[in-house]
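What follows is the content of final-v2.txt (compact mmCIF, N, CA and C atoms).
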```
# COMPACT_ATOMS: atom_id res chain seq x y z
N MET A 807 93.35 89.24 144.38
CA MET A 807 94.25 89.82 143.41
C MET A 807 95.09 88.70 142.77
N GLU A 808 95.19 88.72 141.45
CA GLU A 808 95.92 87.70 140.70
C GLU A 808 97.42 87.98 140.75
N GLU A 809 98.20 86.91 141.01
CA GLU A 809 99.65 87.05 141.10
C GLU A 809 100.27 87.03 139.71
N LYS A 810 101.12 88.00 139.43
CA LYS A 810 101.77 88.08 138.13
C LYS A 810 103.03 87.23 138.13
N LYS A 811 103.28 86.55 136.99
CA LYS A 811 104.51 85.80 136.83
C LYS A 811 105.62 86.76 136.44
N LEU A 812 106.79 86.51 137.02
CA LEU A 812 107.94 87.34 136.70
C LEU A 812 108.63 86.79 135.46
N GLY A 813 109.36 87.66 134.78
CA GLY A 813 110.12 87.23 133.62
C GLY A 813 109.36 87.35 132.32
N ARG A 814 110.05 87.00 131.24
CA ARG A 814 109.45 87.05 129.90
C ARG A 814 108.48 85.91 129.72
N PRO A 815 107.50 86.13 128.87
CA PRO A 815 106.62 85.00 128.52
C PRO A 815 107.41 83.97 127.71
N SER A 816 107.06 82.72 127.87
CA SER A 816 107.75 81.64 127.16
C SER A 816 107.48 81.72 125.67
N LYS A 817 108.51 81.35 124.88
CA LYS A 817 108.34 81.28 123.42
C LYS A 817 107.77 79.93 123.01
N TYR A 818 107.54 79.06 123.98
CA TYR A 818 107.12 77.69 123.67
C TYR A 818 105.86 77.67 122.82
N SER A 819 105.94 76.90 121.75
CA SER A 819 104.74 76.62 120.96
C SER A 819 104.90 75.23 120.35
N SER A 820 103.80 74.54 120.21
CA SER A 820 103.85 73.20 119.64
C SER A 820 104.35 73.23 118.20
N THR A 821 104.13 74.33 117.50
CA THR A 821 104.60 74.47 116.12
C THR A 821 106.12 74.51 116.07
N ILE A 822 106.73 75.29 116.97
CA ILE A 822 108.19 75.37 117.01
C ILE A 822 108.77 74.00 117.33
N VAL A 823 108.20 73.33 118.32
CA VAL A 823 108.69 72.00 118.72
C VAL A 823 108.56 71.03 117.56
N LYS A 824 107.41 71.04 116.89
CA LYS A 824 107.19 70.13 115.76
C LYS A 824 108.19 70.40 114.64
N ASN A 825 108.46 71.66 114.36
CA ASN A 825 109.42 72.03 113.31
C ASN A 825 110.83 71.55 113.66
N ILE A 826 111.22 71.73 114.92
CA ILE A 826 112.54 71.29 115.35
C ILE A 826 112.66 69.77 115.24
N LEU A 827 111.65 69.06 115.71
CA LEU A 827 111.68 67.60 115.64
C LEU A 827 111.70 67.10 114.20
N ASN A 828 110.98 67.77 113.32
CA ASN A 828 111.00 67.40 111.90
C ASN A 828 112.38 67.63 111.28
N ARG A 829 113.00 68.74 111.64
CA ARG A 829 114.35 69.03 111.13
C ARG A 829 115.34 67.96 111.60
N LEU A 830 115.23 67.59 112.87
CA LEU A 830 116.11 66.55 113.41
C LEU A 830 115.89 65.22 112.69
N ALA A 831 114.64 64.89 112.43
CA ALA A 831 114.32 63.62 111.77
C ALA A 831 114.85 63.57 110.34
N LEU A 832 115.14 64.73 109.78
CA LEU A 832 115.72 64.79 108.43
C LEU A 832 117.24 64.97 108.47
N GLY A 833 117.82 64.75 109.66
CA GLY A 833 119.27 64.74 109.78
C GLY A 833 119.93 66.07 110.08
N GLU A 834 119.16 67.12 110.29
CA GLU A 834 119.74 68.42 110.60
C GLU A 834 120.27 68.42 112.04
N ALA A 835 121.32 69.16 112.28
CA ALA A 835 121.89 69.27 113.62
C ALA A 835 120.97 70.10 114.51
N ILE A 836 120.94 69.75 115.79
CA ILE A 836 120.07 70.45 116.73
C ILE A 836 120.44 71.93 116.83
N ARG A 837 121.72 72.25 116.75
CA ARG A 837 122.12 73.66 116.86
C ARG A 837 121.50 74.52 115.76
N SER A 838 121.55 74.01 114.54
CA SER A 838 120.98 74.80 113.44
C SER A 838 119.45 74.77 113.48
N ALA A 839 118.87 73.65 113.93
CA ALA A 839 117.41 73.55 113.99
C ALA A 839 116.82 74.56 114.97
N VAL A 840 117.40 74.65 116.16
CA VAL A 840 116.85 75.61 117.13
C VAL A 840 117.11 77.04 116.69
N LYS A 841 118.26 77.28 116.10
CA LYS A 841 118.59 78.63 115.62
C LYS A 841 117.60 79.07 114.54
N GLU A 842 117.32 78.18 113.59
CA GLU A 842 116.38 78.51 112.51
C GLU A 842 114.96 78.75 113.04
N GLU A 843 114.64 78.14 114.16
CA GLU A 843 113.30 78.33 114.74
C GLU A 843 113.24 79.49 115.73
N GLY A 844 114.35 80.21 115.87
CA GLY A 844 114.36 81.43 116.67
C GLY A 844 114.49 81.25 118.17
N ILE A 845 115.01 80.10 118.60
CA ILE A 845 115.26 79.93 120.03
C ILE A 845 116.72 79.54 120.22
N ASP A 846 117.19 79.61 121.45
CA ASP A 846 118.57 79.22 121.70
C ASP A 846 118.62 77.84 122.36
N TRP A 847 119.82 77.31 122.45
CA TRP A 847 120.03 75.96 122.98
C TRP A 847 119.53 75.84 124.41
N GLU A 848 119.79 76.84 125.23
CA GLU A 848 119.38 76.77 126.64
C GLU A 848 117.85 76.70 126.76
N THR A 849 117.15 77.44 125.93
CA THR A 849 115.69 77.39 125.93
C THR A 849 115.22 75.98 125.58
N TRP A 850 115.81 75.40 124.55
CA TRP A 850 115.45 74.03 124.14
C TRP A 850 115.69 73.04 125.28
N ARG A 851 116.84 73.17 125.96
CA ARG A 851 117.15 72.28 127.08
C ARG A 851 116.12 72.42 128.20
N GLN A 852 115.70 73.63 128.46
CA GLN A 852 114.69 73.84 129.51
C GLN A 852 113.36 73.19 129.11
N TRP A 853 113.00 73.32 127.85
CA TRP A 853 111.76 72.68 127.39
C TRP A 853 111.86 71.16 127.53
N LEU A 854 113.02 70.59 127.20
CA LEU A 854 113.20 69.14 127.33
C LEU A 854 113.00 68.69 128.77
N LYS A 855 113.47 69.49 129.71
CA LYS A 855 113.34 69.14 131.13
C LYS A 855 111.91 69.29 131.63
N LYS A 856 111.22 70.32 131.15
CA LYS A 856 109.92 70.68 131.73
C LYS A 856 108.71 70.06 131.03
N LYS A 857 108.81 69.82 129.74
CA LYS A 857 107.65 69.36 128.98
C LYS A 857 107.58 67.84 128.96
N PRO A 858 106.52 67.27 129.51
CA PRO A 858 106.40 65.80 129.55
C PRO A 858 106.40 65.18 128.14
N GLY A 859 107.22 64.16 127.98
CA GLY A 859 107.25 63.43 126.72
C GLY A 859 108.15 64.03 125.65
N LEU A 860 108.59 65.26 125.84
CA LEU A 860 109.40 65.91 124.81
C LEU A 860 110.78 65.26 124.68
N ALA A 861 111.38 64.86 125.79
CA ALA A 861 112.70 64.22 125.72
C ALA A 861 112.62 62.92 124.92
N GLU A 862 111.54 62.17 125.07
CA GLU A 862 111.38 60.93 124.32
C GLU A 862 111.18 61.21 122.83
N GLU A 863 110.39 62.23 122.53
CA GLU A 863 110.19 62.62 121.12
C GLU A 863 111.50 63.09 120.50
N TYR A 864 112.28 63.81 121.28
CA TYR A 864 113.59 64.30 120.83
C TYR A 864 114.50 63.12 120.49
N ALA A 865 114.55 62.13 121.38
CA ALA A 865 115.39 60.95 121.15
C ALA A 865 114.96 60.20 119.89
N LEU A 866 113.66 60.07 119.68
CA LEU A 866 113.16 59.40 118.47
C LEU A 866 113.50 60.19 117.21
N ALA A 867 113.38 61.50 117.28
CA ALA A 867 113.70 62.34 116.12
C ALA A 867 115.19 62.23 115.79
N LYS A 868 116.05 62.20 116.82
CA LYS A 868 117.49 62.04 116.56
C LYS A 868 117.76 60.69 115.90
N MET A 869 117.10 59.64 116.39
CA MET A 869 117.28 58.31 115.80
C MET A 869 116.82 58.32 114.34
N ASP A 870 115.68 58.94 114.07
CA ASP A 870 115.20 59.04 112.70
C ASP A 870 116.19 59.80 111.82
N GLY A 871 116.79 60.85 112.38
CA GLY A 871 117.77 61.63 111.63
C GLY A 871 119.00 60.82 111.28
N ILE A 872 119.43 59.97 112.20
CA ILE A 872 120.57 59.09 111.92
C ILE A 872 120.19 58.09 110.83
N GLU A 873 118.99 57.52 110.94
CA GLU A 873 118.50 56.58 109.90
C GLU A 873 118.49 57.27 108.54
N TRP A 874 117.98 58.48 108.50
CA TRP A 874 117.89 59.25 107.26
C TRP A 874 119.28 59.47 106.68
N SER A 875 120.20 59.91 107.54
CA SER A 875 121.57 60.16 107.08
C SER A 875 122.25 58.88 106.60
N MET A 876 122.06 57.80 107.33
CA MET A 876 122.71 56.54 106.96
C MET A 876 122.16 56.01 105.64
N SER A 877 120.88 56.22 105.38
CA SER A 877 120.30 55.72 104.14
C SER A 877 120.86 56.45 102.92
N ASP A 878 121.32 57.67 103.12
CA ASP A 878 121.91 58.44 102.03
C ASP A 878 123.33 58.01 101.70
N LEU A 879 124.01 57.36 102.64
CA LEU A 879 125.42 57.05 102.45
C LEU A 879 125.69 56.12 101.28
N GLU A 880 124.90 55.07 101.16
CA GLU A 880 125.13 54.13 100.06
C GLU A 880 124.91 54.82 98.72
N THR A 881 123.86 55.60 98.63
CA THR A 881 123.59 56.33 97.39
C THR A 881 124.74 57.27 97.05
N LEU A 882 125.20 58.00 98.06
CA LEU A 882 126.31 58.93 97.86
C LEU A 882 127.57 58.19 97.41
N ALA A 883 127.87 57.07 98.05
CA ALA A 883 129.06 56.29 97.68
C ALA A 883 128.95 55.78 96.25
N MET A 884 127.81 55.24 95.89
CA MET A 884 127.64 54.69 94.54
C MET A 884 127.73 55.80 93.48
N GLN A 885 127.15 56.96 93.76
CA GLN A 885 127.23 58.08 92.83
C GLN A 885 128.68 58.54 92.65
N THR A 886 129.42 58.57 93.75
CA THR A 886 130.82 58.99 93.68
C THR A 886 131.66 57.99 92.90
N ILE A 887 131.41 56.71 93.11
CA ILE A 887 132.14 55.68 92.36
C ILE A 887 131.85 55.82 90.87
N LYS A 888 130.57 56.02 90.53
CA LYS A 888 130.20 56.18 89.11
C LYS A 888 130.87 57.42 88.51
N ARG A 889 130.84 58.53 89.25
CA ARG A 889 131.47 59.76 88.75
C ARG A 889 132.97 59.57 88.56
N ALA A 890 133.60 58.83 89.48
CA ALA A 890 135.05 58.59 89.37
C ALA A 890 135.35 57.72 88.14
N ARG A 891 134.53 56.68 87.93
CA ARG A 891 134.72 55.82 86.75
C ARG A 891 134.56 56.59 85.45
N ASP A 892 133.59 57.52 85.46
CA ASP A 892 133.32 58.31 84.26
C ASP A 892 134.26 59.52 84.14
N LYS A 893 135.25 59.58 85.04
CA LYS A 893 136.23 60.67 85.05
C LYS A 893 135.59 62.03 85.24
N GLN A 894 134.47 62.06 86.01
CA GLN A 894 133.79 63.33 86.30
C GLN A 894 134.16 63.87 87.68
N SER A 895 134.93 63.10 88.44
CA SER A 895 135.38 63.59 89.74
C SER A 895 136.85 63.23 89.92
N ASP A 896 137.51 64.00 90.77
CA ASP A 896 138.92 63.74 91.02
C ASP A 896 139.11 63.08 92.38
N LEU A 897 140.35 62.79 92.71
CA LEU A 897 140.68 62.11 93.96
C LEU A 897 140.27 62.92 95.18
N ASN A 898 140.34 64.24 95.10
CA ASN A 898 139.94 65.10 96.22
C ASN A 898 138.46 64.91 96.56
N GLU A 899 137.62 64.84 95.53
CA GLU A 899 136.20 64.64 95.77
C GLU A 899 135.94 63.27 96.39
N VAL A 900 136.62 62.25 95.89
CA VAL A 900 136.46 60.89 96.43
C VAL A 900 136.88 60.86 97.89
N LYS A 901 138.00 61.49 98.23
CA LYS A 901 138.46 61.53 99.61
C LYS A 901 137.50 62.32 100.50
N ALA A 902 136.95 63.40 99.99
CA ALA A 902 136.00 64.20 100.77
C ALA A 902 134.74 63.38 101.07
N VAL A 903 134.25 62.65 100.08
CA VAL A 903 133.07 61.81 100.29
C VAL A 903 133.39 60.69 101.29
N ASP A 904 134.58 60.11 101.16
CA ASP A 904 135.00 59.06 102.09
C ASP A 904 135.04 59.60 103.52
N THR A 905 135.58 60.80 103.70
CA THR A 905 135.65 61.42 105.03
C THR A 905 134.24 61.68 105.57
N LEU A 906 133.36 62.17 104.73
CA LEU A 906 131.98 62.42 105.15
C LEU A 906 131.30 61.12 105.59
N ILE A 907 131.46 60.07 104.81
CA ILE A 907 130.84 58.78 105.13
C ILE A 907 131.39 58.26 106.46
N ARG A 908 132.69 58.32 106.63
CA ARG A 908 133.29 57.85 107.89
C ARG A 908 132.78 58.66 109.09
N HIS A 909 132.64 59.97 108.89
CA HIS A 909 132.14 60.82 109.97
C HIS A 909 130.71 60.44 110.35
N LYS A 910 129.87 60.26 109.36
CA LYS A 910 128.47 59.89 109.64
C LYS A 910 128.39 58.51 110.30
N GLN A 911 129.22 57.58 109.88
CA GLN A 911 129.24 56.26 110.52
C GLN A 911 129.70 56.37 111.96
N TRP A 912 130.74 57.15 112.20
CA TRP A 912 131.24 57.35 113.56
C TRP A 912 130.17 57.96 114.45
N LYS A 913 129.51 58.99 113.93
CA LYS A 913 128.46 59.67 114.68
C LYS A 913 127.33 58.71 115.03
N ALA A 914 126.92 57.89 114.08
CA ALA A 914 125.86 56.91 114.34
C ALA A 914 126.30 55.90 115.39
N GLN A 915 127.55 55.46 115.33
CA GLN A 915 128.06 54.51 116.32
C GLN A 915 128.06 55.11 117.72
N LYS A 916 128.39 56.38 117.82
CA LYS A 916 128.46 57.03 119.14
C LYS A 916 127.07 57.34 119.68
N LEU A 917 126.17 57.79 118.82
CA LEU A 917 124.83 58.15 119.30
C LEU A 917 123.95 56.94 119.55
N PHE A 918 124.12 55.89 118.74
CA PHE A 918 123.27 54.70 118.86
C PHE A 918 124.12 53.43 118.73
N PRO A 919 124.93 53.16 119.76
CA PRO A 919 125.84 52.01 119.66
C PRO A 919 125.14 50.67 119.56
N LYS A 920 123.95 50.54 120.12
CA LYS A 920 123.24 49.26 120.04
C LYS A 920 122.83 48.93 118.61
N VAL A 921 122.59 49.94 117.81
CA VAL A 921 122.17 49.73 116.43
C VAL A 921 123.35 49.78 115.46
N TYR A 922 124.22 50.78 115.61
CA TYR A 922 125.29 51.01 114.64
C TYR A 922 126.69 50.71 115.16
N GLY A 923 126.81 50.34 116.43
CA GLY A 923 128.12 50.07 117.00
C GLY A 923 128.68 48.75 116.52
N ASP A 924 129.99 48.63 116.65
CA ASP A 924 130.64 47.37 116.33
C ASP A 924 130.21 46.35 117.37
N ARG A 925 129.79 45.20 116.92
CA ARG A 925 129.38 44.15 117.84
C ARG A 925 130.63 43.53 118.46
N GLN A 926 130.65 43.54 119.77
CA GLN A 926 131.74 42.92 120.49
C GLN A 926 131.16 41.90 121.43
N GLN A 927 131.73 40.74 121.42
CA GLN A 927 131.19 39.66 122.23
C GLN A 927 132.34 38.99 122.96
N LEU A 928 132.13 38.71 124.22
CA LEU A 928 133.13 38.05 125.03
C LEU A 928 132.70 36.61 125.26
N GLU A 929 133.59 35.69 124.93
CA GLU A 929 133.30 34.28 125.16
C GLU A 929 134.23 33.79 126.26
N VAL A 930 133.64 33.11 127.22
CA VAL A 930 134.42 32.56 128.32
C VAL A 930 134.31 31.05 128.24
N GLY A 931 135.44 30.37 128.29
CA GLY A 931 135.43 28.92 128.22
C GLY A 931 136.81 28.38 128.54
N ASN A 932 136.96 27.08 128.37
CA ASN A 932 138.28 26.49 128.59
C ASN A 932 138.75 25.82 127.30
N SER A 933 140.02 25.54 127.26
CA SER A 933 140.59 25.00 126.04
C SER A 933 140.33 23.51 125.87
N ASP A 934 139.84 22.82 126.92
CA ASP A 934 139.61 21.38 126.85
C ASP A 934 138.31 21.02 126.14
N GLY A 935 137.43 21.99 125.97
CA GLY A 935 136.14 21.70 125.37
C GLY A 935 135.15 21.14 126.37
N LYS A 936 135.54 21.08 127.64
CA LYS A 936 134.65 20.58 128.70
C LYS A 936 133.71 21.70 129.12
N PRO A 937 132.58 21.33 129.71
CA PRO A 937 131.67 22.38 130.21
C PRO A 937 132.37 23.28 131.22
N PHE A 938 132.05 24.52 131.14
CA PHE A 938 132.63 25.51 132.03
C PHE A 938 131.79 25.58 133.30
N GLU A 939 132.43 25.43 134.46
CA GLU A 939 131.69 25.43 135.72
C GLU A 939 132.19 26.57 136.60
N ILE A 940 131.25 27.18 137.29
CA ILE A 940 131.57 28.22 138.25
C ILE A 940 130.99 27.78 139.58
N GLY A 941 131.76 27.87 140.62
CA GLY A 941 131.26 27.48 141.95
C GLY A 941 131.98 28.25 143.03
N TRP A 942 131.49 28.11 144.25
CA TRP A 942 132.09 28.76 145.40
C TRP A 942 133.19 27.87 145.94
N ALA A 943 134.32 28.48 146.23
CA ALA A 943 135.43 27.74 146.83
C ALA A 943 135.13 27.53 148.31
N LYS A 944 135.42 26.35 148.80
CA LYS A 944 135.20 26.07 150.22
C LYS A 944 136.44 26.48 150.99
N GLU A 945 136.18 27.12 152.12
CA GLU A 945 137.29 27.54 152.97
C GLU A 945 137.69 26.41 153.90
N ASP A 946 138.97 26.19 154.05
CA ASP A 946 139.45 25.22 155.03
C ASP A 946 139.51 25.89 156.39
N LYS A 947 138.99 25.20 157.40
CA LYS A 947 139.01 25.78 158.75
C LYS A 947 140.08 25.15 159.58
```

Encoded form (structure tokens):
Amino acid sequence: MEEKKLGRPSKYSSTIVKNILNRLALGEAIRSAVKEEGIDWETWRQWLKKKPGLAEEYALAKMDGIEWSMSDLETLAMQTIKRARDKQSDLNEVKAVDTLIRHKQWKAQKLFPKVYGDRQQLEVGNSDGKPFEIGWAKEDK
């Protein structure tokens, strides 16, 4: 006798996953992407845990989405500057675009600090310009 699985059948389909990953790669938020595809966040999280390779594909799609969003920023800034020069936009529009650009930059820095984060470097040395040496201190007995 065949054992029946309990619970609802899974909604998982490669088409749904592909659509979600494509939406992410175009900069859409994961919350709206899963909602538009008819699943909830918890279902998506379970798929990420259970499906081999999906977490890696998800990470790549998010990175692509950030790249996509960042590439739009310069165009948006230049268009806004042109509109302001031509007196087609007011200060409120310029400030709104500035806020949007700062938000996208912040988001990119937080999600991918190695690529978009501020480079911080620590230099250790001495003021004499002599080579810096590190050694073990000898204990007096």

What parts of region 813-932 of chain A does DSSP call helix (DSSP H, G or I)? I'd like the answer as a ChimeraX atom specification. /A:820-831,836-842,847-856,860-891,897-917,919-922

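Nearest residue to Ser816 (chain A), choosing from A:Lys910, A:Thr849, A:Trp942, A:Gly833 and counting only C-alpha atoms: A:Thr849.
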
Nearest to Ser875 (chain A), restricted to all atoms listed in the file and choosing among A:Glu848, A:Glu834, A:Asp924, A:Asp896, comes out as A:Glu834

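Counting all atoms listed in the file and comparing A:Leu879, A:Ile872, A:Gln852, A:Ile836, the residue that lies closest to Ile907 (chain A) is A:Leu879.
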
note - atom C of Leu830 (chain A) and atom N of Met869 (chain A) are separated by 6.8 Å

The residue from A:Trp874, A:Ala867, A:Thr905, A:Thr886 with the smallest atom-to-atom distance to Asn828 (chain A), counting all atoms listed in the file, is A:Ala867

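Here CA of Ala914 (chain A) stands at a distance of 9.5 Å from atom C of Met876 (chain A).
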
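Taking atom C of Ala902 (chain A) and atom N of Arg829 (chain A) as the two end points, the separation is 24.8 Å.
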